[in-house]
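Enquirer: Have a peek at my_file25.cif (mmCIF, C-alpha atoms).
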data_coords
loop_
_atom_site.group_PDB
_atom_site.id
_atom_site.type_symbol
_atom_site.label_atom_id
_atom_site.label_comp_id
_atom_site.auth_asym_id
_atom_site.auth_seq_id
_atom_site.Cartn_x
_atom_site.Cartn_y
_atom_site.Cartn_z
ATOM 1 C CA MET R 1 -11.875 -2.147 -2.650
ATOM 2 C CA THR R 2 -11.966 -2.609 -6.376
ATOM 3 C CA SER R 3 -12.279 -5.958 -8.079
ATOM 4 C CA GLY R 4 -9.487 -7.297 -10.246
ATOM 5 C CA THR R 5 -11.784 -7.095 -13.265
ATOM 6 C CA GLU R 6 -12.480 -3.393 -12.670
ATOM 7 C CA VAL R 7 -8.784 -2.687 -12.279
ATOM 8 C CA GLN R 8 -7.950 -4.561 -15.477
ATOM 9 C CA LEU R 9 -10.671 -2.731 -17.425
ATOM 10 C CA LYS R 10 -9.342 0.621 -16.206
ATOM 11 C CA ALA R 11 -5.772 -0.383 -17.069
ATOM 12 C CA ASP R 12 -6.867 -1.496 -20.552
ATOM 13 C CA HIS R 13 -8.691 1.795 -21.086
ATOM 14 C CA GLU R 14 -5.681 3.863 -20.010
ATOM 15 C CA TYR R 15 -3.318 1.732 -22.117
ATOM 16 C CA SER R 16 -5.511 2.243 -25.185
ATOM 17 C CA ALA R 17 -5.287 6.004 -24.529
ATOM 18 C CA GLY R 18 -1.499 5.778 -24.751
ATOM 19 C CA HIS R 19 -0.615 5.509 -21.064
ATOM 20 C CA ASN R 20 1.732 2.849 -19.756
ATOM 21 C CA ILE R 21 0.087 1.024 -16.856
ATOM 22 C CA TYR R 22 1.978 -1.367 -14.617
ATOM 23 C CA LEU R 23 0.075 -3.613 -12.228
ATOM 24 C CA LEU R 24 1.754 -5.557 -9.470
ATOM 25 C CA PRO R 25 0.695 -7.012 -6.142
ATOM 26 C CA ALA R 26 0.799 -4.448 -3.342
ATOM 27 C CA ASP R 27 2.994 -6.622 -1.145
ATOM 28 C CA ASN R 28 5.772 -6.635 -3.756
ATOM 29 C CA PHE R 29 5.505 -2.887 -4.168
ATOM 30 C CA ILE R 30 5.505 -2.200 -0.439
ATOM 31 C CA SER R 31 8.398 -4.521 0.384
ATOM 32 C CA ASN R 32 10.548 -3.060 -2.395
ATOM 33 C CA THR R 33 9.631 0.498 -1.468
ATOM 34 C CA LEU R 34 10.340 -0.043 2.224
ATOM 35 C CA ALA R 35 13.742 -1.496 1.348
ATOM 36 C CA TRP R 36 14.496 1.554 -0.793
ATOM 37 C CA LEU R 37 13.362 3.997 1.916
ATOM 38 C CA GLY R 38 15.808 2.644 4.460
ATOM 39 C CA GLU R 39 15.363 2.681 8.216
ATOM 40 C CA PRO R 40 14.346 6.361 8.559
ATOM 41 C CA GLY R 41 11.768 6.010 5.792
ATOM 42 C CA ARG R 42 10.318 2.808 7.254
ATOM 43 C CA HIS R 43 10.024 4.499 10.627
ATOM 44 C CA ARG R 44 8.204 7.493 9.119
ATOM 45 C CA PHE R 45 5.956 5.183 7.071
ATOM 46 C CA THR R 46 4.823 3.357 10.220
ATOM 47 C CA GLU R 47 4.268 6.692 12.000
ATOM 48 C CA LEU R 48 2.056 7.877 9.143
ATOM 49 C CA ILE R 49 0.048 4.651 9.172
ATOM 50 C CA GLY R 50 -0.581 5.134 12.890
ATOM 51 C CA GLU R 51 -1.643 8.740 12.346
ATOM 52 C CA VAL R 52 -4.112 7.762 9.626
ATOM 53 C CA LEU R 53 -5.532 4.927 11.738
ATOM 54 C CA ASP R 54 -5.991 7.372 14.620
ATOM 55 C CA GLU R 55 -7.566 9.928 12.292
ATOM 56 C CA PHE R 56 -10.163 7.365 11.223
ATOM 57 C CA GLY R 57 -10.784 6.337 14.823
ATOM 58 C CA ASN R 58 -9.444 2.814 14.443
ATOM 59 C CA ASP R 59 -8.806 0.880 17.615
ATOM 60 C CA TYR R 60 -5.891 -1.184 18.882
ATOM 61 C CA THR R 61 -6.805 -4.266 16.834
ATOM 62 C CA ASP R 62 -6.358 -2.308 13.593
ATOM 63 C CA HIS R 63 -3.015 -0.932 14.755
ATOM 64 C CA ARG R 64 -1.976 -4.464 15.733
ATOM 65 C CA ALA R 65 -3.024 -5.864 12.347
ATOM 66 C CA TRP R 66 -0.866 -3.264 10.561
ATOM 67 C CA ALA R 67 2.026 -4.005 12.899
ATOM 68 C CA ASP R 68 1.742 -7.726 12.081
ATOM 69 C CA ILE R 69 1.664 -7.019 8.329
ATOM 70 C CA LEU R 70 4.686 -4.735 8.479
ATOM 71 C CA TYR R 71 6.614 -7.155 10.687
ATOM 72 C CA HIS R 72 6.574 -9.723 7.871
ATOM 73 C CA TRP R 73 8.199 -7.268 5.452
#
Please re-express this file's structure in structure tokens.
Expert:
Amino acid sequence: MTSGTEVQLKADHEYSAGHNIYLLPADNFISNTLAWLGEPGRHRFTELIGEVLDEFGNDYTDHRAWADILYHW
């Protein structure tokens, strides 16, 4: 995880180099993206999350936590 200060410093550096940087909370990004993807995209997104959790050896509690997060979107 990166602190907000580190993120802002990086964004400021990139902006000063001529790059446009847009920062927004992840929950806004994810909810808007999932709406844009539609039902097939949301289904595939949840499949990919499960695959990555399995790949890292996460247990049921981690899968359940993701399911709870996604349920609220």
Enquirer: Just the residues within 9 Å of Leu70 in chain R, please, counting only C-alpha atoms, with nothing from its chain fewer than 3 positions along; format it as a list in words.
Expert: Ser31, Thr46, Ala65, Trp66, Ala67 and Trp73 of chain R
Enquirer: Next, the residues of the selection above should be written as a PDB file, keeping the file's coordinate frame with C-alpha atoms.
Expert:
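Final output, result16.pdb:
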ATOM      1  CA  SER R  31       8.398  -4.521   0.384  1.00  0.00           C
ATOM      2  CA  THR R  46       4.823   3.357  10.220  1.00  0.00           C
ATOM      3  CA  ALA R  65      -3.024  -5.864  12.347  1.00  0.00           C
ATOM      4  CA  TRP R  66      -0.866  -3.264  10.561  1.00  0.00           C
ATOM      5  CA  ALA R  67       2.026  -4.005  12.899  1.00  0.00           C
ATOM      6  CA  TRP R  73       8.199  -7.268   5.452  1.00  0.00           C
TER       7      TRP R  73
END
Enquirer: Would you mind reading off the distance between CA of Leu48 in chain R and CA of Val7 in chain R, one decimal, in Å?
Expert: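 Taking CA of Leu48 in chain R and CA of Val7 in chain R, their separation equals 26.2 Å.
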Enquirer: So, with only C-alpha atoms as the atoms that count, which of R:Tyr15, R:Leu34, R:Thr5, R:Asn20 lies closest to Tyr71 in chain R?
Expert: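 Using only C-alpha atoms, the shortest distance to Tyr71 in chain R belongs to R:Leu34.
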Enquirer: For CA of Asp12 in chain R and CA of Ile30 in chain R, determine how far apart the two atoms are, in Å to one decimal place.
Expert: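 Going from CA of Asp12 in chain R over to CA of Ile30 in chain R, I get 23.6 Å.
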Enquirer: Expressed in Å to a single decimal, how great is the separation between CA of Gly4 in chain R and CA of Asn28 in chain R?
Expert: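 CA of Gly4 in chain R sits 16.6 Å away from CA of Asn28 in chain R.
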Enquirer: Here's the selection I'm unsure about, the PyMOL selection byres ((chain R and resi 50) around 12); applied to the file above, which residues does it give, as a ChimeraX atom specification?
Expert: /R:43-49,51-67
